[in-house]
>>> print(open('entry09.pdb').read())   # PDB, C-alpha atoms
MODEL        1
ATOM      1  CA  MET A 180      -0.686  48.580  -5.876
ATOM      2  CA  LYS A 181      -1.451  47.371  -2.362
ATOM      3  CA  ILE A 182      -4.536  45.893  -0.703
ATOM      4  CA  LEU A 183      -5.100  45.704   3.045
ATOM      5  CA  ILE A 184      -7.340  42.833   4.101
ATOM      6  CA  THR A 185      -8.451  42.311   7.683
ATOM      7  CA  GLY A 186     -10.103  39.564   9.700
ATOM      8  CA  PHE A 187     -11.184  39.256  13.310
ATOM      9  CA  GLU A 188     -10.084  37.188  16.291
ATOM     10  CA  PRO A 189     -12.636  34.812  17.901
ATOM     11  CA  PHE A 190     -15.410  36.379  19.977
ATOM     12  CA  GLY A 191     -18.214  35.321  22.274
ATOM     13  CA  GLU A 192     -18.532  31.550  22.453
ATOM     14  CA  ASN A 193     -16.619  31.028  19.194
ATOM     15  CA  GLU A 194     -13.293  29.259  19.599
ATOM     16  CA  LYS A 195     -12.266  30.272  16.067
ATOM     17  CA  ASN A 196     -13.206  33.007  13.632
ATOM     18  CA  ILE A 197     -13.409  32.037   9.981
ATOM     19  CA  SER A 198     -12.249  35.502   8.864
ATOM     20  CA  GLN A 199      -8.988  34.981  10.754
ATOM     21  CA  GLU A 200      -8.653  31.465   9.339
ATOM     22  CA  VAL A 201      -9.160  32.595   5.739
ATOM     23  CA  LEU A 202      -6.366  35.184   6.001
ATOM     24  CA  GLN A 203      -3.876  32.339   6.388
ATOM     25  CA  TYR A 204      -4.805  31.065   2.921
ATOM     26  CA  ILE A 205      -4.619  34.380   1.079
ATOM     27  CA  ASP A 206      -1.325  34.850  -0.782
ATOM     28  CA  ASP A 207       0.909  37.814   0.048
ATOM     29  CA  SER A 208       0.747  38.790  -3.625
ATOM     30  CA  LEU A 209      -2.081  38.326  -6.127
ATOM     31  CA  ASN A 210      -1.931  39.360  -9.792
ATOM     32  CA  GLY A 211       1.140  41.457  -8.986
ATOM     33  CA  VAL A 212      -0.589  43.264  -6.114
ATOM     34  CA  ALA A 213       0.830  43.219  -2.578
ATOM     35  CA  ILE A 214      -1.639  41.869  -0.023
ATOM     36  CA  VAL A 215      -1.211  43.047   3.572
ATOM     37  CA  LYS A 216      -3.150  41.003   6.154
ATOM     38  CA  ARG A 217      -4.077  41.886   9.713
ATOM     39  CA  VAL A 218      -6.131  40.149  12.411
ATOM     40  CA  LEU A 219      -8.074  42.627  14.539
ATOM     41  CA  PRO A 220      -9.456  42.530  18.060
ATOM     42  CA  VAL A 221     -13.245  42.270  18.348
ATOM     43  CA  VAL A 222     -13.314  45.551  20.240
ATOM     44  CA  PHE A 223     -15.435  48.572  19.325
ATOM     45  CA  ASN A 224     -13.394  51.531  18.045
ATOM     46  CA  GLU A 225     -10.008  49.895  18.789
ATOM     47  CA  CYS A 226     -10.384  47.943  15.547
ATOM     48  CA  ILE A 227     -11.015  51.223  13.707
ATOM     49  CA  GLU A 228      -7.933  52.854  15.242
ATOM     50  CA  ILE A 229      -5.721  49.953  14.144
ATOM     51  CA  VAL A 230      -6.970  49.956  10.559
ATOM     52  CA  THR A 231      -6.895  53.734  10.110
ATOM     53  CA  SER A 232      -3.317  53.731  11.404
ATOM     54  CA  LEU A 233      -2.424  51.008   8.878
ATOM     55  CA  ILE A 234      -4.086  53.080   6.141
ATOM     56  CA  ASP A 235      -2.154  56.217   7.046
ATOM     57  CA  LYS A 236       1.173  54.381   7.238
ATOM     58  CA  GLY A 237       0.770  51.902   4.391
ATOM     59  CA  LYS A 238      -1.334  53.903   1.886
ATOM     60  CA  PRO A 239      -3.228  50.917   0.422
ATOM     61  CA  ASP A 240      -5.381  51.253  -2.699
ATOM     62  CA  ALA A 241      -8.152  49.166  -1.159
ATOM     63  CA  VAL A 242      -9.226  47.954   2.264
ATOM     64  CA  ILE A 243     -11.273  44.765   2.474
ATOM     65  CA  CYS A 244     -12.634  43.937   5.905
ATOM     66  CA  LEU A 245     -13.806  40.390   6.607
ATOM     67  CA  GLY A 246     -15.940  39.170   9.481
ATOM     68  CA  GLN A 247     -17.987  36.191  10.597
ATOM     69  CA  ARG A 248     -21.792  36.173  10.422
ATOM     70  CA  ALA A 249     -23.376  33.134  12.025
ATOM     71  CA  SER A 250     -26.898  34.004  10.875
ATOM     72  CA  TYR A 251     -26.182  33.403   7.183
ATOM     73  CA  ASP A 252     -25.071  30.308   5.273
ATOM     74  CA  GLY A 253     -23.201  32.121   2.523
ATOM     75  CA  ILE A 254     -21.058  35.111   1.626
ATOM     76  CA  ALA A 255     -22.664  38.483   2.430
ATOM     77  CA  ILE A 256     -21.228  41.501   0.618
ATOM     78  CA  GLU A 257     -22.207  44.503   2.700
ATOM     79  CA  ARG A 258     -23.668  47.561   0.970
ATOM     80  CA  ILE A 259     -23.900  50.055   3.838
ATOM     81  CA  ALA A 260     -22.639  50.871   7.333
ATOM     82  CA  ILE A 261     -24.523  53.146   9.719
ATOM     83  CA  ASN A 262     -23.289  55.538  12.380
ATOM     84  CA  LEU A 263     -24.527  53.549  15.349
ATOM     85  CA  MET A 264     -23.299  51.042  17.924
ATOM     86  CA  ASP A 265     -25.990  49.134  19.790
ATOM     87  CA  SER A 266     -25.465  45.614  21.066
ATOM     88  CA  LYS A 267     -26.669  43.345  23.826
ATOM     89  CA  ASN A 268     -23.502  41.310  23.243
ATOM     90  CA  ALA A 269     -20.329  42.764  24.705
ATOM     91  CA  ASP A 270     -17.138  42.988  22.681
ATOM     92  CA  ASN A 271     -13.968  41.200  23.805
ATOM     93  CA  ASN A 272     -13.276  44.018  26.279
ATOM     94  CA  GLY A 273     -16.713  43.662  27.863
ATOM     95  CA  PHE A 274     -18.179  46.800  26.253
ATOM     96  CA  ALA A 275     -21.820  46.625  25.095
ATOM     97  CA  PRO A 276     -22.835  50.035  23.670
ATOM     98  CA  LYS A 277     -26.417  51.254  23.718
ATOM     99  CA  ASP A 278     -27.508  53.648  20.971
ATOM    100  CA  GLU A 279     -24.104  55.329  20.647
ATOM    101  CA  VAL A 280     -22.838  57.066  17.525
ATOM    102  CA  ILE A 281     -19.516  55.946  16.082
ATOM    103  CA  ALA A 282     -18.392  59.366  14.823
ATOM    104  CA  LYS A 283     -20.069  62.555  16.108
ATOM    105  CA  ASN A 284     -19.097  64.467  12.982
ATOM    106  CA  GLY A 285     -19.765  61.562  10.627
ATOM    107  CA  GLU A 286     -22.476  60.962   8.060
ATOM    108  CA  ILE A 287     -25.558  58.952   9.035
ATOM    109  CA  ALA A 288     -24.250  56.151   6.826
ATOM    110  CA  TYR A 289     -21.596  55.313   4.253
ATOM    111  CA  PHE A 290     -21.975  53.032   1.264
ATOM    112  CA  SER A 291     -19.296  50.499   0.395
ATOM    113  CA  THR A 292     -17.016  51.772  -2.340
ATOM    114  CA  LEU A 293     -16.084  48.268  -3.437
ATOM    115  CA  PRO A 294     -17.584  47.028  -6.735
ATOM    116  CA  ILE A 295     -20.172  45.003  -4.821
ATOM    117  CA  LYS A 296     -22.295  43.993  -7.842
ATOM    118  CA  GLN A 297     -19.253  42.703  -9.731
ATOM    119  CA  ILE A 298     -18.053  40.824  -6.647
ATOM    120  CA  PHE A 299     -21.484  39.277  -6.192
ATOM    121  CA  ASP A 300     -21.745  38.298  -9.866
ATOM    122  CA  LYS A 301     -18.310  36.663  -9.812
ATOM    123  CA  ILE A 302     -18.879  34.706  -6.595
ATOM    124  CA  ASN A 303     -22.352  33.690  -7.748
ATOM    125  CA  SER A 304     -20.947  32.487 -11.106
ATOM    126  CA  LEU A 305     -18.707  30.088  -9.181
ATOM    127  CA  GLY A 306     -21.778  28.452  -7.645
ATOM    128  CA  ILE A 307     -20.979  29.819  -4.185
ATOM    129  CA  VAL A 308     -23.969  30.983  -2.127
ATOM    130  CA  SER A 309     -23.783  34.754  -1.791
ATOM    131  CA  LYS A 310     -25.863  37.900  -1.512
ATOM    132  CA  ILE A 311     -25.598  41.657  -1.268
ATOM    133  CA  SER A 312     -26.589  42.536   2.286
ATOM    134  CA  ASN A 313     -28.192  45.829   3.282
ATOM    135  CA  THR A 314     -27.202  45.674   6.930
ATOM    136  CA  ALA A 315     -23.835  44.972   8.513
ATOM    137  CA  GLY A 316     -25.582  44.781  11.888
ATOM    138  CA  LEU A 317     -24.770  47.044  14.825
ATOM    139  CA  TYR A 318     -21.884  45.068  16.305
ATOM    140  CA  VAL A 319     -18.138  45.422  15.727
ATOM    141  CA  CYS A 320     -18.314  44.570  11.999
ATOM    142  CA  ASN A 321     -20.540  47.570  11.237
ATOM    143  CA  ASN A 322     -18.375  49.627  13.587
ATOM    144  CA  LEU A 323     -15.251  48.789  11.581
ATOM    145  CA  MET A 324     -16.854  49.234   8.172
ATOM    146  CA  TYR A 325     -18.270  52.617   9.156
ATOM    147  CA  GLY A 326     -15.082  53.799  10.846
ATOM    148  CA  VAL A 327     -12.870  52.948   7.888
ATOM    149  CA  LEU A 328     -15.212  54.530   5.331
ATOM    150  CA  HIS A 329     -15.552  57.634   7.514
ATOM    151  CA  HIS A 330     -11.756  57.976   7.765
ATOM    152  CA  ILE A 331     -11.378  57.607   4.008
ATOM    153  CA  SER A 332     -14.169  60.101   3.291
ATOM    154  CA  ALA A 333     -13.093  62.681   5.880
ATOM    155  CA  ASN A 334      -9.516  62.640   4.586
ATOM    156  CA  LYS A 335     -10.492  62.408   0.893
ATOM    157  CA  LEU A 336      -8.295  59.367   0.397
ATOM    158  CA  PRO A 337      -8.200  57.574  -2.986
ATOM    159  CA  ILE A 338      -9.058  54.215  -1.403
ATOM    160  CA  VAL A 339     -11.969  51.845  -2.022
ATOM    161  CA  SER A 340     -13.244  49.946   0.990
ATOM    162  CA  GLY A 341     -16.020  47.737   2.227
ATOM    163  CA  PHE A 342     -16.951  44.711   4.259
ATOM    164  CA  ILE A 343     -17.640  41.063   3.447
ATOM    165  CA  HIS A 344     -19.249  38.715   5.952
ATOM    166  CA  LEU A 345     -18.315  35.045   5.842
ATOM    167  CA  PRO A 346     -20.417  32.156   7.170
ATOM    168  CA  SER A 347     -19.289  30.542  10.403
ATOM    169  CA  PHE A 348     -17.448  27.209  10.345
ATOM    170  CA  GLY A 349     -19.452  24.248   9.119
ATOM    171  CA  LYS A 350     -21.920  26.246   7.019
ATOM    172  CA  MET A 351     -19.763  26.241   3.894
ATOM    173  CA  GLU A 352     -16.671  24.374   2.759
ATOM    174  CA  LEU A 353     -13.586  26.370   3.756
ATOM    175  CA  ASN A 354     -12.198  26.040   0.214
ATOM    176  CA  SER A 355     -15.326  27.752  -1.143
ATOM    177  CA  VAL A 356     -14.965  30.616   1.331
ATOM    178  CA  ILE A 357     -11.311  31.056   0.354
ATOM    179  CA  GLU A 358     -12.233  30.961  -3.348
ATOM    180  CA  ALA A 359     -14.918  33.595  -2.790
ATOM    181  CA  VAL A 360     -12.514  35.933  -0.990
ATOM    182  CA  ASN A 361      -9.820  35.489  -3.652
ATOM    183  CA  SER A 362     -12.410  36.208  -6.334
ATOM    184  CA  ALA A 363     -13.476  39.369  -4.517
ATOM    185  CA  ILE A 364      -9.861  40.538  -4.344
ATOM    186  CA  ILE A 365      -9.411  39.960  -8.076
ATOM    187  CA  GLU A 366     -12.602  41.895  -8.906
ATOM    188  CA  ILE A 367     -11.386  44.782  -6.757
ATOM    189  CA  ILE A 368      -8.007  44.775  -8.524
ATOM    190  CA  ILE A 369      -9.781  44.874 -11.904
ATOM    191  CA  HIS A 370     -11.958  47.751 -10.667
ATOM    192  CA  ILE A 371      -8.990  49.793  -9.428
ATOM    193  CA  ARG A 372      -7.002  49.253 -12.638
ATOM    194  CA  LYS A 373      -9.794  50.552 -14.878
TER     195      LYS A 373
ENDMDL
END
>>> encode(input="entry09.pdb", output="structure tokens")
Amino acid sequence: MKILITGFEPFGENEKNISQEVLQYIDDSLNGVAIVKRVLPVVFNECIEIVTSLIDKGKPDAVICLGQRASYDGIAIERIAINLMDSKNADNNGFAPKDEVIAKNGEIAYFSTLPIKQIFDKINSLGIVSKISNTAGLYVCNNLMYGVLHHISANKLPIVSGFIHLPSFGKMELNSVIEAVNSAIIEIIIHIRK
């Protein structure tokens, strides 16, 4: 079994991105499962191309995408991604899309195929602030979540995937964020093995 987990480089005025930082603390193997880690550019569509290429080459059983969400103080497990890019903030290549679809032949939206309720219950049981979020926004995080789920759906791949937003630095102890991500990985492994 193999799990691909991604984080993002810094963007905007952020000197660091907690999703990139957390990847450094995730073991290369967990419960006998190989963990492949990749830091992505905060660039619309390029991030999708990188991950779908990694999926096609590496054939993971699950893809967990991590990102940073400054507007929340806890862990946000995303439920849904929509087929839209619309942002006043440019990505790291200077692109700020306005009401553009991600995939012309794609569904309006895709739901996460991760066991989001089980992940939430586990993280919550550890006393770590968390929630199930019903919007991944319209920036690069939603773009990536949608693009990966669309690729998996369109190609009928036996892969579960979804997105988890992490709070920015200073809003939660780093050890708690790492524990939450490790717990999510374990819940996903349990789900796949059933």
>>> resolve_selection(input="entry09.pdb", expression="the PyMOL selection byres ((chain A and resi 274) around 12)", output="NGL selection string")
:A and (221-225 or 264-273 or 275-277 or 279 or 318-319)
>>> resolve_selection(input="entry09.pdb", expression="the PyMOL selection byres ((chain A and resi 364) around 10)", output="ChimeraX atom specification")
/A:182,184,205,209-210,212,214,241-243,293,298,358-363,365-370
>>> closest_residue(input="entry09.pdb", among="A:Pro346, A:Gly326, A:Gly306, A:Pro239", to="A:Ile371", atoms="all atoms listed in the file")
A:Pro239
>>> atom_distance(input="entry09.pdb", atom1="atom CA of A:Leu305", atom2="atom CA of A:Lys350")
17.0 Å
>>> atom_distance(input="entry09.pdb", atom1="atom CA of A:Gln203", atom2="atom CA of A:Ile331")
26.5 Å
>>> residues_around(input="entry09.pdb", residues="A:Phe342", least_positions_apart="4", cutoff="10 Å", atoms="only C-alpha atoms", output="VMD selection string")
chain A and resid 184 to 185 242 to 246 255 to 260 291 to 293 295 315 320 to 321 323 to 325 327
>>> atom_distance(input="entry09.pdb", atom1="atom CA of A:Ser347", atom2="atom CA of A:Asn193")
9.2 Å
>>> residues_near_point(input="entry09.pdb", point="(-21.0, 58.3, 12.5)", cutoff="10 Å", atoms="all atoms listed in the file", output="list in words")
Ala260, Ile261, Asn262, Leu263, Met264, Glu279, Val280, Ile281, Ala282, Lys283, Asn284, Gly285, Glu286, Ile287, Ala288, Tyr289, Asn322, Tyr325, Gly326, Leu328 and His329 of chain A
>>> residues_around(input="entry09.pdb", residues="A:Pro189", least_positions_apart="3", cutoff="9 Å", atoms="only C-alpha atoms", output="PDB file with C-alpha atoms, in the frame of the given file")
ATOM      1  CA  GLU A 192     -18.532  31.550  22.453  1.00  0.00           C
ATOM      2  CA  ASN A 193     -16.619  31.028  19.194  1.00  0.00           C
ATOM      3  CA  GLU A 194     -13.293  29.259  19.599  1.00  0.00           C
ATOM      4  CA  LYS A 195     -12.266  30.272  16.067  1.00  0.00           C
ATOM      5  CA  ASN A 196     -13.206  33.007  13.632  1.00  0.00           C
ATOM      6  CA  ILE A 197     -13.409  32.037   9.981  1.00  0.00           C
ATOM      7  CA  GLN A 199      -8.988  34.981  10.754  1.00  0.00           C
ATOM      8  CA  PRO A 220      -9.456  42.530  18.060  1.00  0.00           C
ATOM      9  CA  VAL A 221     -13.245  42.270  18.348  1.00  0.00           C
ATOM     10  CA  ASN A 271     -13.968  41.200  23.805  1.00  0.00           C
TER      11      ASN A 271
END
>>> closest_residue(input="entry09.pdb", among="A:Asp278, A:Glu200, A:Asp235, A:Asp240", to="A:Pro337", atoms="all atoms listed in the file")
A:Asp240
>>> closest_residue(input="entry09.pdb", among="A:Gly316, A:Pro294, A:Gly253, A:Gly211", to="A:Leu345", atoms="all atoms listed in the file")
A:Gly253
>>> closest_residue(input="entry09.pdb", among="A:Ile254, A:Ala213, A:Val218, A:Ile229", to="A:Ile311", atoms="all atoms listed in the file")
A:Ile254
>>> closest_residue(input="entry09.pdb", among="A:Ile227, A:Val215, A:Ala249, A:Val201", to="A:Gly349", atoms="all atoms listed in the file")
A:Ala249
>>> closest_residue(input="entry09.pdb", among="A:Gln297, A:Thr231, A:Ser208, A:Ser250", to="A:His330", atoms="only C-alpha atoms")
A:Thr231
>>> decode(input="entry09.pdb", residues="stretch 191-225 of chain A", atoms="N, CA and C atoms", output="PDB file, in the first residue's frame")
ATOM      1  N   GLY A 191       1.884  34.349  -1.154  1.00  0.00           N
ATOM      2  CA  GLY A 191       1.485  35.676  -0.677  1.00  0.00           C
ATOM      3  C   GLY A 191       2.543  36.274   0.240  1.00  0.00           C
ATOM      4  N   GLU A 192       2.096  36.753   1.387  1.00  0.00           N
ATOM      5  CA  GLU A 192       3.011  37.368   2.350  1.00  0.00           C
ATOM      6  C   GLU A 192       3.565  36.363   3.350  1.00  0.00           C
ATOM      7  N   ASN A 193       3.221  35.090   3.190  1.00  0.00           N
ATOM      8  CA  ASN A 193       3.684  34.057   4.120  1.00  0.00           C
ATOM      9  C   ASN A 193       5.112  33.643   3.800  1.00  0.00           C
ATOM     10  N   GLU A 194       5.975  33.701   4.795  1.00  0.00           N
ATOM     11  CA  GLU A 194       7.357  33.256   4.595  1.00  0.00           C
ATOM     12  C   GLU A 194       7.481  31.737   4.666  1.00  0.00           C
ATOM     13  N   LYS A 195       6.520  31.093   5.358  1.00  0.00           N
ATOM     14  CA  LYS A 195       6.507  29.640   5.467  1.00  0.00           C
ATOM     15  C   LYS A 195       5.078  29.152   5.265  1.00  0.00           C
ATOM     16  N   ASN A 196       4.951  27.898   4.918  1.00  0.00           N
ATOM     17  CA  ASN A 196       3.642  27.270   4.784  1.00  0.00           C
ATOM     18  C   ASN A 196       3.630  26.055   5.698  1.00  0.00           C
ATOM     19  N   ILE A 197       2.664  26.018   6.602  1.00  0.00           N
ATOM     20  CA  ILE A 197       2.652  24.945   7.598  1.00  0.00           C
ATOM     21  C   ILE A 197       2.470  23.572   6.953  1.00  0.00           C
ATOM     22  N   SER A 198       1.802  23.508   5.794  1.00  0.00           N
ATOM     23  CA  SER A 198       1.629  22.201   5.142  1.00  0.00           C
ATOM     24  C   SER A 198       2.959  21.651   4.643  1.00  0.00           C
ATOM     25  N   GLN A 199       3.846  22.532   4.207  1.00  0.00           N
ATOM     26  CA  GLN A 199       5.194  22.111   3.815  1.00  0.00           C
ATOM     27  C   GLN A 199       5.989  21.687   5.050  1.00  0.00           C
ATOM     28  N   GLU A 200       5.860  22.442   6.115  1.00  0.00           N
ATOM     29  CA  GLU A 200       6.584  22.146   7.356  1.00  0.00           C
ATOM     30  C   GLU A 200       6.186  20.779   7.911  1.00  0.00           C
ATOM     31  N   VAL A 201       4.897  20.498   7.937  1.00  0.00           N
ATOM     32  CA  VAL A 201       4.402  19.247   8.510  1.00  0.00           C
ATOM     33  C   VAL A 201       4.936  18.031   7.758  1.00  0.00           C
ATOM     34  N   LEU A 202       5.095  18.151   6.437  1.00  0.00           N
ATOM     35  CA  LEU A 202       5.597  17.015   5.652  1.00  0.00           C
ATOM     36  C   LEU A 202       6.943  16.519   6.161  1.00  0.00           C
ATOM     37  N   GLN A 203       7.748  17.430   6.690  1.00  0.00           N
ATOM     38  CA  GLN A 203       9.071  17.039   7.194  1.00  0.00           C
ATOM     39  C   GLN A 203       8.975  16.107   8.395  1.00  0.00           C
ATOM     40  N   TYR A 204       7.846  16.139   9.095  1.00  0.00           N
ATOM     41  CA  TYR A 204       7.689  15.350  10.316  1.00  0.00           C
ATOM     42  C   TYR A 204       6.864  14.081  10.112  1.00  0.00           C
ATOM     43  N   ILE A 205       6.433  13.843   8.895  1.00  0.00           N
ATOM     44  CA  ILE A 205       5.686  12.624   8.591  1.00  0.00           C
ATOM     45  C   ILE A 205       6.683  11.546   8.165  1.00  0.00           C
ATOM     46  N   ASP A 206       6.601  10.374   8.804  1.00  0.00           N
ATOM     47  CA  ASP A 206       7.522   9.284   8.491  1.00  0.00           C
ATOM     48  C   ASP A 206       7.308   8.785   7.060  1.00  0.00           C
ATOM     49  N   ASP A 207       8.360   8.193   6.499  1.00  0.00           N
ATOM     50  CA  ASP A 207       8.285   7.644   5.145  1.00  0.00           C
ATOM     51  C   ASP A 207       7.501   6.339   5.099  1.00  0.00           C
ATOM     52  N   SER A 208       7.223   5.781   6.280  1.00  0.00           N
ATOM     53  CA  SER A 208       6.430   4.564   6.387  1.00  0.00           C
ATOM     54  C   SER A 208       5.612   4.644   7.671  1.00  0.00           C
ATOM     55  N   LEU A 209       4.338   4.271   7.583  1.00  0.00           N
ATOM     56  CA  LEU A 209       3.458   4.320   8.748  1.00  0.00           C
ATOM     57  C   LEU A 209       2.560   3.091   8.720  1.00  0.00           C
ATOM     58  N   ASN A 210       2.621   2.298   9.788  1.00  0.00           N
ATOM     59  CA  ASN A 210       1.836   1.059   9.870  1.00  0.00           C
ATOM     60  C   ASN A 210       2.065   0.153   8.651  1.00  0.00           C
ATOM     61  N   GLY A 211       3.317   0.129   8.179  1.00  0.00           N
ATOM     62  CA  GLY A 211       3.671  -0.723   7.053  1.00  0.00           C
ATOM     63  C   GLY A 211       3.284  -0.173   5.692  1.00  0.00           C
ATOM     64  N   VAL A 212       2.848   1.085   5.658  1.00  0.00           N
ATOM     65  CA  VAL A 212       2.428   1.723   4.413  1.00  0.00           C
ATOM     66  C   VAL A 212       3.472   2.754   3.993  1.00  0.00           C
ATOM     67  N   ALA A 213       3.871   2.712   2.733  1.00  0.00           N
ATOM     68  CA  ALA A 213       4.837   3.690   2.214  1.00  0.00           C
ATOM     69  C   ALA A 213       4.165   5.051   2.066  1.00  0.00           C
ATOM     70  N   ILE A 214       4.830   6.079   2.556  1.00  0.00           N
ATOM     71  CA  ILE A 214       4.320   7.447   2.465  1.00  0.00           C
ATOM     72  C   ILE A 214       5.226   8.237   1.526  1.00  0.00           C
ATOM     73  N   VAL A 215       4.654   8.711   0.439  1.00  0.00           N
ATOM     74  CA  VAL A 215       5.380   9.535  -0.537  1.00  0.00           C
ATOM     75  C   VAL A 215       4.951  10.976  -0.323  1.00  0.00           C
ATOM     76  N   LYS A 216       5.932  11.883  -0.162  1.00  0.00           N
ATOM     77  CA  LYS A 216       5.624  13.288   0.144  1.00  0.00           C
ATOM     78  C   LYS A 216       6.107  14.190  -0.981  1.00  0.00           C
ATOM     79  N   ARG A 217       5.315  15.238  -1.243  1.00  0.00           N
ATOM     80  CA  ARG A 217       5.698  16.173  -2.299  1.00  0.00           C
ATOM     81  C   ARG A 217       5.207  17.575  -1.960  1.00  0.00           C
ATOM     82  N   VAL A 218       6.108  18.554  -2.067  1.00  0.00           N
ATOM     83  CA  VAL A 218       5.747  19.963  -1.903  1.00  0.00           C
ATOM     84  C   VAL A 218       5.398  20.514  -3.282  1.00  0.00           C
ATOM     85  N   LEU A 219       4.278  21.217  -3.361  1.00  0.00           N
ATOM     86  CA  LEU A 219       3.762  21.706  -4.635  1.00  0.00           C
ATOM     87  C   LEU A 219       3.873  23.219  -4.750  1.00  0.00           C
ATOM     88  N   PRO A 220       3.947  23.717  -5.967  1.00  0.00           N
ATOM     89  CA  PRO A 220       3.898  25.165  -6.164  1.00  0.00           C
ATOM     90  C   PRO A 220       2.468  25.668  -5.959  1.00  0.00           C
ATOM     91  N   VAL A 221       2.335  26.871  -5.421  1.00  0.00           N
ATOM     92  CA  VAL A 221       1.015  27.487  -5.271  1.00  0.00           C
ATOM     93  C   VAL A 221       0.687  28.157  -6.606  1.00  0.00           C
ATOM     94  N   VAL A 222       0.377  27.315  -7.573  1.00  0.00           N
ATOM     95  CA  VAL A 222       0.115  27.762  -8.940  1.00  0.00           C
ATOM     96  C   VAL A 222      -1.089  26.976  -9.465  1.00  0.00           C
ATOM     97  N   PHE A 223      -2.134  27.703  -9.864  1.00  0.00           N
ATOM     98  CA  PHE A 223      -3.320  27.075 -10.420  1.00  0.00           C
ATOM     99  C   PHE A 223      -2.938  26.114 -11.548  1.00  0.00           C
ATOM    100  N   ASN A 224      -3.562  24.967 -11.545  1.00  0.00           N
ATOM    101  CA  ASN A 224      -3.446  23.927 -12.572  1.00  0.00           C
ATOM    102  C   ASN A 224      -2.079  23.242 -12.629  1.00  0.00           C
ATOM    103  N   GLU A 225      -0.982  23.965 -12.432  1.00  0.00           N
ATOM    104  CA  GLU A 225       0.333  23.303 -12.401  1.00  0.00           C
ATOM    105  C   GLU A 225       0.383  22.295 -11.264  1.00  0.00           C
TER     106      GLU A 225
END
